[in-house]
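Text of the file start04.cif, holding mmCIF, C-alpha atoms:
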```cif
data_model
#
loop_
_atom_site.label_atom_id
_atom_site.label_comp_id
_atom_site.auth_asym_id
_atom_site.auth_seq_id
_atom_site.Cartn_x
_atom_site.Cartn_y
_atom_site.Cartn_z
CA MET N 1 -17.96 25.90 27.47
CA SER N 2 -14.62 25.94 29.29
CA PHE N 3 -11.92 28.45 28.38
CA GLU N 4 -9.64 25.77 26.91
CA TRP N 5 -12.36 24.36 24.61
CA PHE N 6 -13.34 27.89 23.52
CA VAL N 7 -9.78 28.78 22.48
CA ALA N 8 -9.23 25.36 20.84
CA LEU N 9 -12.31 25.86 18.68
CA ARG N 10 -11.19 29.37 17.71
CA TYR N 11 -7.75 28.10 16.71
CA LEU N 12 -9.18 25.43 14.41
CA LYS N 13 -11.28 28.07 12.62
CA ALA N 14 -8.34 29.45 10.66
CA LYS N 15 -8.38 32.98 9.30
CA ARG N 16 -7.79 33.75 5.63
CA GLN N 17 -4.04 34.17 6.10
CA GLU N 18 -3.90 30.81 7.88
CA ALA N 19 -5.75 28.89 5.14
CA PHE N 20 -2.86 26.40 4.76
CA ILE N 21 -3.29 25.27 8.37
CA SER N 22 -7.02 24.89 7.73
CA LEU N 23 -6.30 22.71 4.68
CA ILE N 24 -3.99 20.42 6.65
CA THR N 25 -6.62 20.22 9.41
CA LEU N 26 -9.19 19.12 6.81
CA ILE N 27 -6.76 16.53 5.42
CA SER N 28 -6.18 15.21 8.95
CA ILE N 29 -9.93 14.87 9.57
CA VAL N 30 -10.44 13.11 6.22
CA GLY N 31 -7.48 10.81 6.92
CA VAL N 32 -8.89 9.74 10.29
CA ALA N 33 -12.37 9.28 8.77
CA VAL N 34 -11.10 7.14 5.89
CA GLY N 35 -8.99 5.01 8.22
CA VAL N 36 -11.84 4.41 10.65
CA MET N 37 -14.30 3.69 7.82
CA ALA N 38 -11.91 1.20 6.17
CA LEU N 39 -11.32 -0.52 9.51
CA ILE N 40 -15.03 -0.87 10.22
CA VAL N 41 -15.86 -2.28 6.78
CA VAL N 42 -12.96 -4.74 6.67
CA ILE N 43 -13.49 -5.99 10.23
CA ALA N 44 -17.22 -6.38 9.48
CA VAL N 45 -16.40 -8.44 6.39
CA MET N 46 -13.92 -10.59 8.34
CA SER N 47 -16.47 -11.14 11.11
CA GLY N 48 -19.06 -12.00 8.49
CA PHE N 49 -16.79 -14.57 6.86
CA GLU N 50 -15.94 -16.11 10.23
CA THR N 51 -19.60 -16.40 11.21
CA HIS N 52 -20.61 -17.67 7.76
CA LEU N 53 -17.92 -20.36 7.75
CA ARG N 54 -18.77 -21.31 11.33
CA THR N 55 -22.43 -21.70 10.36
CA LYS N 56 -21.57 -23.80 7.31
CA ILE N 57 -18.99 -25.99 9.04
CA LEU N 58 -20.75 -26.35 12.37
CA GLY N 59 -24.08 -26.92 10.65
CA ILE N 60 -22.99 -30.43 9.70
CA ASN N 61 -20.86 -30.97 12.82
CA SER N 62 -22.03 -31.03 16.40
CA ASP N 63 -20.93 -28.66 19.17
CA ILE N 64 -19.50 -31.52 21.24
CA LEU N 65 -18.50 -35.10 20.39
CA VAL N 66 -18.43 -37.92 22.97
CA ARG N 67 -16.39 -41.01 22.07
CA SER N 68 -14.75 -43.94 23.81
CA TYR N 69 -11.10 -45.03 23.86
CA GLN N 70 -12.39 -48.60 23.54
CA GLY N 71 -14.16 -47.95 20.24
CA PRO N 72 -17.91 -48.56 19.82
CA PHE N 73 -19.81 -48.44 23.12
CA GLY N 74 -23.18 -49.69 24.29
CA ASN N 75 -25.74 -48.56 26.91
CA VAL N 76 -26.44 -45.62 24.60
CA GLU N 77 -29.69 -44.52 26.25
CA GLU N 78 -28.08 -44.59 29.69
CA VAL N 79 -25.11 -42.49 28.56
CA MET N 80 -27.41 -40.01 26.77
CA ASP N 81 -29.59 -39.59 29.87
CA LYS N 82 -26.49 -38.97 31.97
CA VAL N 83 -25.09 -36.43 29.51
CA LEU N 84 -28.37 -34.50 29.32
CA LYS N 85 -28.28 -33.94 33.09
CA ILE N 86 -24.74 -32.51 33.18
CA ARG N 87 -24.31 -28.79 33.81
CA ALA N 88 -21.24 -26.58 33.58
CA GLU N 89 -20.91 -23.32 35.51
CA ASP N 90 -20.16 -20.20 33.47
CA GLN N 91 -17.71 -18.11 35.48
CA GLY N 92 -17.81 -15.11 33.13
CA LEU N 93 -18.54 -11.63 34.49
CA TRP N 94 -21.73 -11.18 32.44
CA SER N 95 -23.00 -14.57 33.58
CA LYS N 96 -22.42 -13.62 37.23
CA LEU N 97 -24.27 -10.34 36.77
CA SER N 98 -27.15 -12.14 35.05
CA THR N 99 -27.29 -14.68 37.86
CA ILE N 100 -27.50 -11.88 40.44
CA LEU N 101 -30.33 -10.30 38.45
CA ASN N 102 -32.04 -13.73 38.24
CA LYS N 103 -32.07 -13.61 34.45
CA ASN N 104 -30.49 -17.04 34.05
CA SER N 105 -28.77 -19.68 36.13
CA GLY N 106 -25.30 -19.10 34.67
CA GLN N 107 -25.16 -22.76 33.65
CA ILE N 108 -24.33 -24.32 30.28
CA ARG N 109 -26.10 -27.56 29.41
CA VAL N 110 -26.71 -30.06 26.64
CA VAL N 111 -29.97 -29.27 24.85
CA ALA N 112 -29.98 -32.27 22.48
CA ALA N 113 -28.05 -35.47 21.81
CA THR N 114 -28.00 -38.05 19.03
CA PRO N 115 -26.09 -41.34 18.52
CA VAL N 116 -23.90 -41.75 15.42
CA VAL N 117 -22.06 -44.55 13.63
CA TYR N 118 -19.18 -43.59 11.33
CA ILE N 119 -18.20 -45.74 8.34
CA GLN N 120 -15.53 -45.13 5.72
CA ALA N 121 -16.44 -47.01 2.55
CA LEU N 122 -16.51 -47.06 -1.22
CA LEU N 123 -19.73 -46.29 -3.07
CA THR N 124 -20.26 -47.75 -6.53
CA SER N 125 -23.10 -47.19 -8.94
CA GLY N 126 -21.93 -49.28 -11.88
CA LYS N 127 -20.92 -46.04 -13.60
CA ALA N 128 -18.37 -44.70 -11.13
CA VAL N 129 -16.73 -45.36 -7.76
CA SER N 130 -16.19 -42.80 -5.00
CA GLY N 131 -14.98 -42.85 -1.43
CA ALA N 132 -17.43 -41.58 1.18
CA ALA N 133 -17.79 -40.85 4.87
CA ILE N 134 -21.06 -42.54 5.78
CA ARG N 135 -22.93 -41.47 8.88
CA GLY N 136 -25.45 -43.75 10.49
CA VAL N 137 -27.93 -41.42 12.20
CA ASP N 138 -31.11 -41.59 14.22
CA PRO N 139 -33.75 -39.80 12.07
CA ALA N 140 -35.75 -38.88 15.20
CA THR N 141 -32.98 -36.91 16.94
CA VAL N 142 -30.28 -35.98 14.44
CA LYS N 143 -31.96 -32.77 13.19
CA LYS N 144 -32.05 -31.43 16.76
CA VAL N 145 -28.24 -31.50 16.85
CA VAL N 146 -26.91 -30.94 13.31
CA ASN N 147 -28.12 -29.60 10.00
CA ILE N 148 -27.49 -31.98 7.11
CA GLY N 149 -28.34 -29.34 4.54
CA ASP N 150 -31.22 -28.60 2.21
CA VAL N 151 -33.04 -31.32 0.32
CA VAL N 152 -32.24 -30.91 -3.38
CA GLN N 153 -34.15 -33.97 -4.60
CA GLY N 154 -36.28 -36.64 -3.01
CA VAL N 155 -37.02 -36.69 0.71
CA GLY N 156 -35.24 -35.65 3.90
CA ILE N 157 -33.41 -37.54 6.58
CA GLU N 158 -36.58 -38.30 8.54
CA SER N 159 -37.53 -40.81 5.79
CA LEU N 160 -34.45 -43.02 6.22
CA ARG N 161 -35.34 -46.67 6.68
CA GLY N 162 -33.19 -49.65 7.53
CA GLU N 163 -35.42 -52.66 7.90
CA SER N 164 -36.43 -53.17 4.26
CA ALA N 165 -34.75 -55.42 1.71
CA ALA N 166 -33.11 -52.34 0.14
CA PRO N 167 -32.30 -49.89 2.95
CA SER N 168 -32.23 -46.20 2.03
CA ILE N 169 -29.41 -43.66 1.74
CA ILE N 170 -29.15 -39.89 1.30
CA LEU N 171 -26.20 -38.59 -0.73
CA GLY N 172 -24.49 -35.23 -0.88
CA LYS N 173 -25.19 -33.34 -4.10
CA GLU N 174 -21.63 -33.54 -5.47
CA LEU N 175 -21.27 -37.18 -4.39
CA ALA N 176 -24.45 -38.11 -6.29
CA ARG N 177 -23.14 -36.22 -9.31
CA ASN N 178 -19.79 -38.03 -9.15
CA LEU N 179 -21.56 -41.39 -8.97
CA GLY N 180 -24.00 -40.44 -11.71
CA VAL N 181 -27.09 -41.46 -9.74
CA GLY N 182 -30.40 -39.86 -8.86
CA VAL N 183 -33.32 -40.48 -6.54
CA GLY N 184 -34.77 -43.99 -6.86
CA GLN N 185 -31.59 -45.60 -8.18
CA ALA N 186 -29.51 -48.21 -6.33
CA ILE N 187 -25.89 -48.04 -5.24
CA GLN N 188 -23.58 -50.47 -3.49
CA ILE N 189 -21.61 -49.79 -0.33
CA VAL N 190 -18.34 -51.72 -0.33
CA LEU N 191 -16.45 -52.28 2.93
CA PRO N 192 -12.84 -53.52 2.54
CA ARG N 193 -13.10 -55.76 5.59
CA GLY N 194 -15.79 -58.37 5.07
CA THR N 195 -15.89 -62.14 5.46
CA LEU N 196 -12.90 -64.47 5.57
CA SER N 197 -12.86 -67.13 2.84
CA PRO N 198 -10.39 -69.74 1.52
CA VAL N 199 -9.21 -67.16 -1.03
CA GLY N 200 -8.74 -64.44 1.55
CA MET N 201 -10.77 -61.55 2.87
CA LEU N 202 -13.80 -60.79 0.74
CA PRO N 203 -15.27 -57.27 0.86
CA LYS N 204 -18.73 -56.74 2.31
CA ILE N 205 -21.16 -55.36 -0.25
CA ARG N 206 -24.62 -54.04 0.53
CA THR N 207 -27.17 -52.46 -1.82
CA PHE N 208 -28.90 -49.21 -0.82
CA GLN N 209 -31.57 -47.17 -2.57
CA VAL N 210 -31.06 -43.43 -2.99
CA ILE N 211 -34.11 -41.64 -1.54
CA GLY N 212 -32.71 -38.13 -1.29
CA ILE N 213 -29.95 -35.73 -2.32
CA SER N 214 -28.93 -32.92 0.03
CA SER N 215 -26.65 -29.89 -0.14
CA THR N 216 -24.83 -28.08 2.67
CA GLY N 217 -23.26 -25.49 0.37
CA VAL N 218 -19.76 -26.72 1.27
CA TYR N 219 -18.15 -28.72 -1.54
CA GLU N 220 -15.97 -30.84 0.76
CA TYR N 221 -19.07 -32.11 2.59
CA ASP N 222 -21.34 -32.45 -0.42
CA SER N 223 -18.75 -34.55 -2.25
CA SER N 224 -18.01 -36.99 0.57
CA LEU N 225 -20.96 -37.33 2.97
CA ALA N 226 -23.76 -39.89 2.87
CA PHE N 227 -26.41 -40.69 5.48
CA ILE N 228 -28.06 -44.00 6.34
CA SER N 229 -30.22 -45.03 9.28
CA LEU N 230 -28.55 -45.92 12.57
CA LYS N 231 -29.73 -49.54 12.42
CA SER N 232 -28.44 -49.96 8.87
CA ALA N 233 -25.06 -48.55 9.90
CA GLN N 234 -24.83 -50.80 12.99
CA LYS N 235 -25.62 -53.85 10.87
CA LEU N 236 -23.19 -52.79 8.14
CA ALA N 237 -20.39 -52.16 10.66
CA GLY N 238 -21.20 -55.34 12.60
CA ILE N 239 -21.28 -53.64 16.00
CA GLY N 240 -24.69 -54.77 17.23
CA ASP N 241 -26.47 -52.11 19.29
CA LYS N 242 -23.31 -50.08 19.89
CA VAL N 243 -22.45 -46.66 18.44
CA HIS N 244 -19.22 -44.84 17.65
CA ALA N 245 -20.13 -41.50 19.22
CA LEU N 246 -22.72 -39.20 20.69
CA GLU N 247 -23.11 -35.81 19.04
CA LEU N 248 -24.30 -33.04 21.37
CA LYS N 249 -25.73 -29.54 20.99
CA SER N 250 -24.77 -27.00 23.68
CA SER N 251 -26.97 -24.24 25.08
CA ASP N 252 -24.10 -21.80 24.43
CA LEU N 253 -21.96 -22.45 21.37
CA TYR N 254 -19.13 -20.22 22.58
CA LYS N 255 -18.93 -21.93 25.99
CA ALA N 256 -19.00 -25.46 24.57
CA ASP N 257 -15.41 -26.06 25.72
CA LYS N 258 -16.43 -25.68 29.38
CA LEU N 259 -19.35 -28.06 28.94
CA SER N 260 -17.13 -30.52 27.08
CA ALA N 261 -14.66 -30.59 29.97
CA ALA N 262 -17.50 -31.08 32.49
CA ILE N 263 -18.91 -34.01 30.47
CA ALA N 264 -15.50 -35.70 30.19
CA LYS N 265 -14.99 -35.34 33.94
CA GLU N 266 -18.46 -36.67 34.77
CA LEU N 267 -18.39 -39.65 32.40
CA GLY N 268 -14.80 -40.58 33.20
CA PHE N 269 -12.74 -43.28 31.50
CA PRO N 270 -13.07 -44.65 28.81
CA PHE N 271 -15.02 -41.68 27.44
CA TRP N 272 -13.39 -38.59 26.00
CA THR N 273 -14.86 -35.43 24.48
CA MET N 274 -14.00 -32.88 21.83
CA ASP N 275 -15.70 -29.54 21.20
CA TRP N 276 -16.11 -27.72 17.86
CA GLN N 277 -13.21 -25.36 18.57
CA GLN N 278 -10.85 -28.35 18.84
CA MET N 279 -12.30 -30.00 15.75
CA SER N 280 -11.86 -26.87 13.59
CA ARG N 281 -9.03 -25.22 15.52
CA ASN N 282 -6.72 -24.54 12.55
CA LEU N 283 -9.37 -22.84 10.42
CA PHE N 284 -10.79 -20.52 13.07
CA SER N 285 -7.34 -19.73 14.49
CA ALA N 286 -6.27 -18.66 10.99
CA LEU N 287 -9.38 -16.49 10.63
CA LYS N 288 -8.76 -14.78 13.98
CA LEU N 289 -5.10 -14.19 13.09
CA GLU N 290 -6.09 -12.75 9.71
CA LYS N 291 -8.64 -10.47 11.35
CA LEU N 292 -6.00 -9.21 13.81
CA ALA N 293 -3.48 -8.69 11.00
CA MET N 294 -6.00 -6.66 8.98
CA PHE N 295 -6.78 -4.55 12.05
CA ILE N 296 -3.08 -3.79 12.58
CA VAL N 297 -2.42 -3.05 8.90
CA LEU N 298 -5.41 -0.75 8.48
CA THR N 299 -4.61 1.05 11.73
CA LEU N 300 -1.60 2.41 9.82
CA ILE N 301 -4.06 4.60 7.88
CA VAL N 302 -5.11 6.20 11.15
CA LEU N 303 -1.45 6.55 12.14
CA VAL N 304 -0.73 8.45 8.92
CA ALA N 305 -3.63 10.76 9.77
CA ALA N 306 -2.16 11.11 13.27
CA PHE N 307 1.11 12.38 11.78
CA ASN N 308 -0.96 14.98 9.93
CA ILE N 309 -2.39 16.02 13.29
CA VAL N 310 1.15 16.41 14.65
CA SER N 311 2.15 18.63 11.72
CA THR N 312 -1.09 20.62 11.97
CA LEU N 313 -0.63 21.35 15.66
CA THR N 314 3.09 22.06 15.26
CA MET N 315 2.40 24.70 12.64
CA LEU N 316 -0.47 26.02 14.74
CA VAL N 317 1.90 26.42 17.70
CA MET N 318 4.42 28.28 15.52
CA GLU N 319 1.62 30.51 14.19
CA LYS N 320 0.17 31.21 17.64
CA LYS N 321 3.39 31.91 19.57
CA GLN N 322 2.37 35.50 20.27
CA ASP N 323 -1.12 34.44 21.35
CA ILE N 324 0.37 31.87 23.68
CA ALA N 325 2.73 34.47 25.13
CA ILE N 326 -0.15 36.90 25.74
CA LEU N 327 -2.26 34.16 27.34
CA LYS N 328 0.61 33.31 29.69
CA ALA N 329 1.21 36.97 30.44
CA ILE N 330 -2.39 37.41 31.61
CA GLY N 331 -2.22 34.33 33.85
CA ALA N 332 -2.71 31.18 31.76
CA THR N 333 -0.64 28.32 33.18
CA ASP N 334 1.38 25.75 31.24
CA GLY N 335 -1.42 23.24 31.93
CA VAL N 336 -4.02 25.53 30.32
CA ILE N 337 -1.88 25.95 27.19
CA LEU N 338 -1.24 22.19 27.07
CA ARG N 339 -4.97 21.45 27.29
CA ILE N 340 -5.82 23.97 24.57
CA PHE N 341 -3.67 22.18 21.98
CA VAL N 342 -4.59 18.71 23.21
CA TYR N 343 -8.25 19.65 22.80
CA SER N 344 -7.53 21.02 19.31
CA GLY N 345 -6.03 17.67 18.26
CA LEU N 346 -8.80 15.73 19.98
CA LEU N 347 -11.41 17.74 18.08
CA ILE N 348 -9.79 16.68 14.81
CA GLY N 349 -9.76 13.07 16.01
CA LEU N 350 -13.34 13.15 17.29
CA ILE N 351 -14.73 14.71 14.13
CA GLY N 352 -12.77 12.30 11.92
CA THR N 353 -13.74 9.28 14.02
CA GLY N 354 -17.40 10.35 14.06
CA LEU N 355 -17.45 10.72 10.28
CA GLY N 356 -15.61 7.41 9.84
CA VAL N 357 -17.97 5.50 12.14
CA THR N 358 -20.99 6.99 10.38
CA GLY N 359 -19.63 6.30 6.90
CA GLY N 360 -18.46 2.79 7.77
CA THR N 361 -21.77 1.86 9.37
CA ILE N 362 -23.77 3.18 6.42
CA LEU N 363 -21.52 1.36 3.92
CA CYS N 364 -21.86 -1.91 5.87
CA LYS N 365 -25.65 -1.52 5.90
CA LEU N 366 -25.67 -0.91 2.14
CA LEU N 367 -23.40 -3.91 1.46
CA SER N 368 -25.53 -6.10 3.70
CA ARG N 369 -28.83 -5.01 2.16
CA TYR N 370 -28.10 -4.67 -1.55
CA LYS N 371 -25.25 -7.21 -1.91
CA PHE N 372 -23.78 -5.49 -4.97
CA ILE N 373 -20.30 -7.04 -4.55
CA LYS N 374 -20.22 -10.59 -5.95
CA ILE N 375 -17.57 -13.21 -5.13
CA PRO N 376 -17.04 -16.79 -6.45
CA SER N 377 -19.27 -19.08 -4.38
CA GLU N 378 -17.20 -22.19 -5.16
CA VAL N 379 -14.28 -20.63 -3.28
CA TYR N 380 -15.95 -18.75 -0.41
CA TYR N 381 -19.19 -20.78 0.04
CA THR N 382 -21.21 -17.62 -0.63
CA ASP N 383 -21.76 -15.42 -3.69
CA THR N 384 -21.82 -12.08 -1.83
CA LEU N 385 -19.73 -10.43 0.85
CA PRO N 386 -20.99 -11.57 4.27
CA ILE N 387 -21.25 -8.54 6.57
CA LEU N 388 -21.47 -8.76 10.35
CA LEU N 389 -21.15 -5.40 12.10
CA LYS N 390 -20.55 -5.95 15.81
CA SER N 391 -21.02 -3.05 18.20
CA GLN N 392 -17.96 -4.09 20.22
CA ASP N 393 -15.80 -3.92 17.07
CA VAL N 394 -17.06 -0.43 16.26
CA ILE N 395 -16.40 0.73 19.82
CA LEU N 396 -12.88 -0.78 19.80
CA ILE N 397 -12.04 0.89 16.48
CA ALA N 398 -13.41 4.28 17.60
CA VAL N 399 -11.59 4.18 20.93
CA SER N 400 -8.34 3.10 19.23
CA ALA N 401 -8.58 5.95 16.71
CA ILE N 402 -9.28 8.56 19.39
CA LEU N 403 -6.42 7.22 21.53
CA ILE N 404 -4.00 7.45 18.59
CA CYS N 405 -5.15 11.02 17.89
CA PHE N 406 -4.72 11.91 21.57
CA LEU N 407 -1.17 10.56 21.63
CA ALA N 408 -0.42 12.58 18.48
CA THR N 409 -1.36 15.82 20.30
CA LEU N 410 1.04 15.38 23.22
CA TYR N 411 4.30 16.47 21.56
CA PRO N 412 3.10 19.75 19.95
CA ALA N 413 0.99 20.56 23.04
CA ARG N 414 4.05 20.18 25.30
CA GLN N 415 6.07 22.37 22.94
CA ALA N 416 3.37 25.04 23.19
CA ALA N 417 3.33 24.83 26.99
CA ARG N 418 7.12 25.36 27.12
CA ILE N 419 7.07 28.63 25.19
CA ASN N 420 8.66 31.47 27.14
CA PRO N 421 6.27 34.48 26.90
CA SER N 422 9.01 37.14 27.26
CA GLU N 423 11.11 35.65 24.44
CA ALA N 424 8.06 35.19 22.21
CA LEU N 425 6.97 38.82 22.71
CA ARG N 426 10.52 40.13 22.30
CA ASN N 427 10.90 38.35 18.93
CA ALA N 428 7.44 39.43 17.71
#
```
Now, as a test, write the supplied structure out as structure tokens.
Amino acid sequence: MSFEWFVALRYLKAKRQEAFISLITLISIVGVAVGVMALIVVIAVMSGFETHLRTKILGINSDILVRSYQGPFGNVEEVMDKVLKIRAEDQGLWSKLSTILNKNSGQIRVVAATPVVYIQALLTSGKAVSGAAIRGVDPATVKKVVNIGDVVQGVGIESLRGESAAPSIILGKELARNLGVGVGQAIQIVLPRGTLSPVGMLPKIRTFQVIGISSTGVYEYDSSLAFISLKSAQKLAGIGDKVHALELKSSDLYKADKLSAAIAKELGFPFWTMDWQQMSRNLFSALKLEKLAMFIVLTLIVLVAAFNIVSTLTMLVMEKKQDIAILKAIGATDGVILRIFVYSGLLIGLIGTGLGVTGGTILCKLLSRYKFIKIPSEVYYTDTLPILLKSQDVILIAVSAILICFLATLYPARQAARINPSEALRNA
């Protein structure tokens, strides 16, 4: 152990007559620990909510959407084959290192694609009427790209049919409840624009049989979404073999924007693309801003503890003036004295941060495992606190706390280094 660390440790072990300094030191350690622990738990909860919402929202939406400025487009198989061959280079540092180590190619690609037809219509059951966003999907490929939710009643999306006299439909749970229908019953899809007659435009009405009811866990989707087969949707919309969009799944969700740009460039006009970050920009931007705000606010707890460190070291300097004078008289330099008190403050910060990281990690594990805090599921889409403890968040919080504690040591340490040994001994 170096001389500076040895003296710093001795100074923190207060004697009986210096018990007040020891108490303030303990308060400083507890303050840092509580601040770090609160930061870890809150940031873990915020990360959990962000990931949970992303899973719920992106489960029903694709990573990338390909559409045309000209509306419905044909040659679907040709466009899909072209999209599946497109690659985007990942220029990130980790990707470059992985490429050097031959762990991966550093390329982002489309792993699955499915055609979709979108229809806005009214659904009527004879008991009630409700607006709905109807998706015409290909049962063979849609589950490779999106998750339409769990089957509550009936059968899943792979059983959709469109060639029979009464084509089939799958309703969201809340939509089925609003319409008052169940599996096996018939509903009518009403399109405002239908056929032109002498009395004006007559709506197009088609009868569908409910074969399944699904739930995504998100009320907004469950109350408005319905699924029919791609062929039924094309016939209902009167677009022949064309589709409204291609929905794509990326090999790297967080690099989907790069792949989206590469696809738009490769396909060219009239195609355009949109990735999930653009589709849900407002929500996830708000979550990131809230997470940053919580980090800043809770860092104030650590700052309060840092002021305790300042007061602790200041009183320690006043108490140890004679010791400092003697150390200087026997050859200790200003730098040695400075380091002694910096190390004393850092020890408080390190102990507090260590306790806070340990306590925060244990609390997050307990919350994640036992789920003893309940929240309203109709508001937050989950009935328990979602916890996601990221190692990079823990490291950032620990480093920030130690840095704050280090900055708090500088003023009292400089005051100690400036003490004149002759004056201190004369006034002893």
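The smallest atom-to-atom distance between Glu423 of chain N and any of N:Ser22, N:Gln322, N:Asn308, N:Asn282, using all atoms listed in the file, is found for N:Gln322.
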**OP:** Can you turn the PyMOL selection byres ((chain N and resi 247) around 12) into a concrete residue list for this file, as JSON, numbers by chain?
**Re:** {"N": [58, 60, 61, 62, 63, 64, 65, 66, 67, 76, 79, 80, 83, 84, 110, 111, 112, 113, 114, 115, 116, 117, 118, 135, 136, 137, 138, 141, 142, 143, 144, 145, 146, 243, 244, 245, 246, 248, 249, 250, 260, 273, 274, 275, 276]}
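With only C-alpha atoms as the atoms that count, the minimum distance from Met46 of chain N to the choices N:Lys231, N:Lys127, N:Arg206, N:Lys288 is reached by N:Lys288.
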**OP:** Carefully work through the PyMOL selection byres ((chain N and resi 405) around 10) for this structure and note down the residues it includes, as a PyMOL selection string.
**Re:** chain N and resi 28+32+302-303+305-310+342+345-350+352-353+399-404+406-410
**OP:** Check what the PyMOL selection byres ((chain N and resi 329-331) around 12) selects in the file above and give those residues as a PyMOL selection string.
**Re:** chain N and resi 322-328+332-337+419-425
Subject >> Separation of atom CA of Ile387 of chain N from atom CA of Val151 of chain N, in Å and rounded to one decimal >> reply: 26.4 Å
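With all atoms listed in the file as the basis for measurement, N:Ile119 is the residue among N:Ile43, N:Ala286, N:Ile119, N:Ile362 that approaches Ile239 of chain N most closely.
Minimum atom-to-atom distance to Ala166 of chain N, evaluated using only C-alpha atoms, belongs to N:Gln185 out of N:Gln278, N:Gln185, N:Thr382, N:Gln415.
Atom CA of Ile86 of chain N is positioned 27.4 Å from atom CA of Gly240 of chain N.
Closest approach to Met279 of chain N among N:Asp257, N:Ala176, N:Ala128, N:Ile29: N:Asp257, based on all atoms listed in the file.
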Would you mind listing what lies within 10 Å of Val181 of chain N as an mmCIF file with C-alpha atoms, keeping the file's coordinate frame, with only C-alpha atoms counted and same-chain residues fewer than 5 positions away left out?
```cif
data_model
loop_
_atom_site.group_PDB
_atom_site.id
_atom_site.type_symbol
_atom_site.label_atom_id
_atom_site.label_comp_id
_atom_site.auth_asym_id
_atom_site.auth_seq_id
_atom_site.Cartn_x
_atom_site.Cartn_y
_atom_site.Cartn_z
ATOM 1 C CA THR N 124 -20.260 -47.750 -6.530
ATOM 2 C CA SER N 125 -23.100 -47.190 -8.940
ATOM 3 C CA GLY N 126 -21.930 -49.280 -11.880
ATOM 4 C CA LYS N 127 -20.920 -46.040 -13.600
ATOM 5 C CA ALA N 128 -18.370 -44.700 -11.130
ATOM 6 C CA LEU N 171 -26.200 -38.590 -0.730
ATOM 7 C CA LEU N 175 -21.270 -37.180 -4.390
ATOM 8 C CA ALA N 176 -24.450 -38.110 -6.290
ATOM 9 C CA ALA N 186 -29.510 -48.210 -6.330
ATOM 10 C CA ILE N 187 -25.890 -48.040 -5.240
ATOM 11 C CA VAL N 210 -31.060 -43.430 -2.990
ATOM 12 C CA ILE N 213 -29.950 -35.730 -2.320
#
```
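Put simply, atom CA of Val357 of chain N is 16.8 Å away from atom CA of Leu300 of chain N.
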**OP:** Please provide as a list in words all residues within 10 Å of Ser232 of chain N, with the sequence filter that same-chain residues fewer than 4 positions apart are discarded (counting all atoms listed in the file).
**Re:** Val117, Gly136, Val137, Leu160, Arg161, Gly162, Glu163, Ser164, Pro167, Ser168, Ile169, Phe208, Ile228, Leu236, Ala237 and Gly238 of chain N
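For the choices N:Leu253, N:Leu287, N:Leu355, N:Leu122, the atom-to-atom distance to Ile189 of chain N is smallest for N:Leu122 when using only C-alpha atoms.
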**OP:** With a distance cut-off of 12 Å and all atoms listed in the file, select the neighbouring residues of His52 of chain N, excluding the residue or stretch itself and same-chain residues fewer than 2 positions from it, and output the selection as a ChimeraX atom specification.
**Re:** /N:44-50,54-59,217-218,284,287,380-388
Can you take the partial segment 302-311 of chain N, add N, CA and C atoms, and return it as a PDB file, keeping the file's coordinate frame?
```
ATOM      1  N   VAL N 302      -4.833   5.247  10.076  1.00  0.00           N
ATOM      2  CA  VAL N 302      -5.110   6.200  11.150  1.00  0.00           C
ATOM      3  C   VAL N 302      -3.810   6.813  11.659  1.00  0.00           C
ATOM      4  N   LEU N 303      -2.743   6.022  11.692  1.00  0.00           N
ATOM      5  CA  LEU N 303      -1.450   6.550  12.140  1.00  0.00           C
ATOM      6  C   LEU N 303      -0.941   7.632  11.200  1.00  0.00           C
ATOM      7  N   VAL N 304      -1.128   7.420   9.889  1.00  0.00           N
ATOM      8  CA  VAL N 304      -0.730   8.450   8.920  1.00  0.00           C
ATOM      9  C   VAL N 304      -1.505   9.743   9.182  1.00  0.00           C
ATOM     10  N   ALA N 305      -2.814   9.593   9.444  1.00  0.00           N
ATOM     11  CA  ALA N 305      -3.630  10.760   9.770  1.00  0.00           C
ATOM     12  C   ALA N 305      -3.148  11.406  11.065  1.00  0.00           C
ATOM     13  N   ALA N 306      -2.674  10.586  12.007  1.00  0.00           N
ATOM     14  CA  ALA N 306      -2.160  11.110  13.270  1.00  0.00           C
ATOM     15  C   ALA N 306      -0.910  11.967  13.047  1.00  0.00           C
ATOM     16  N   PHE N 307      -0.059  11.565  12.099  1.00  0.00           N
ATOM     17  CA  PHE N 307       1.110  12.380  11.780  1.00  0.00           C
ATOM     18  C   PHE N 307       0.681  13.730  11.189  1.00  0.00           C
ATOM     19  N   ASN N 308      -0.425  13.707  10.431  1.00  0.00           N
ATOM     20  CA  ASN N 308      -0.960  14.980   9.930  1.00  0.00           C
ATOM     21  C   ASN N 308      -1.410  15.874  11.072  1.00  0.00           C
ATOM     22  N   ILE N 309      -1.971  15.248  12.112  1.00  0.00           N
ATOM     23  CA  ILE N 309      -2.390  16.020  13.290  1.00  0.00           C
ATOM     24  C   ILE N 309      -1.175  16.649  13.961  1.00  0.00           C
ATOM     25  N   VAL N 310      -0.090  15.882  14.058  1.00  0.00           N
ATOM     26  CA  VAL N 310       1.150  16.410  14.650  1.00  0.00           C
ATOM     27  C   VAL N 310       1.629  17.628  13.875  1.00  0.00           C
ATOM     28  N   SER N 311       1.668  17.503  12.538  1.00  0.00           N
ATOM     29  CA  SER N 311       2.150  18.630  11.720  1.00  0.00           C
ATOM     30  C   SER N 311       1.201  19.822  11.813  1.00  0.00           C
TER      31      SER N 311
END
```
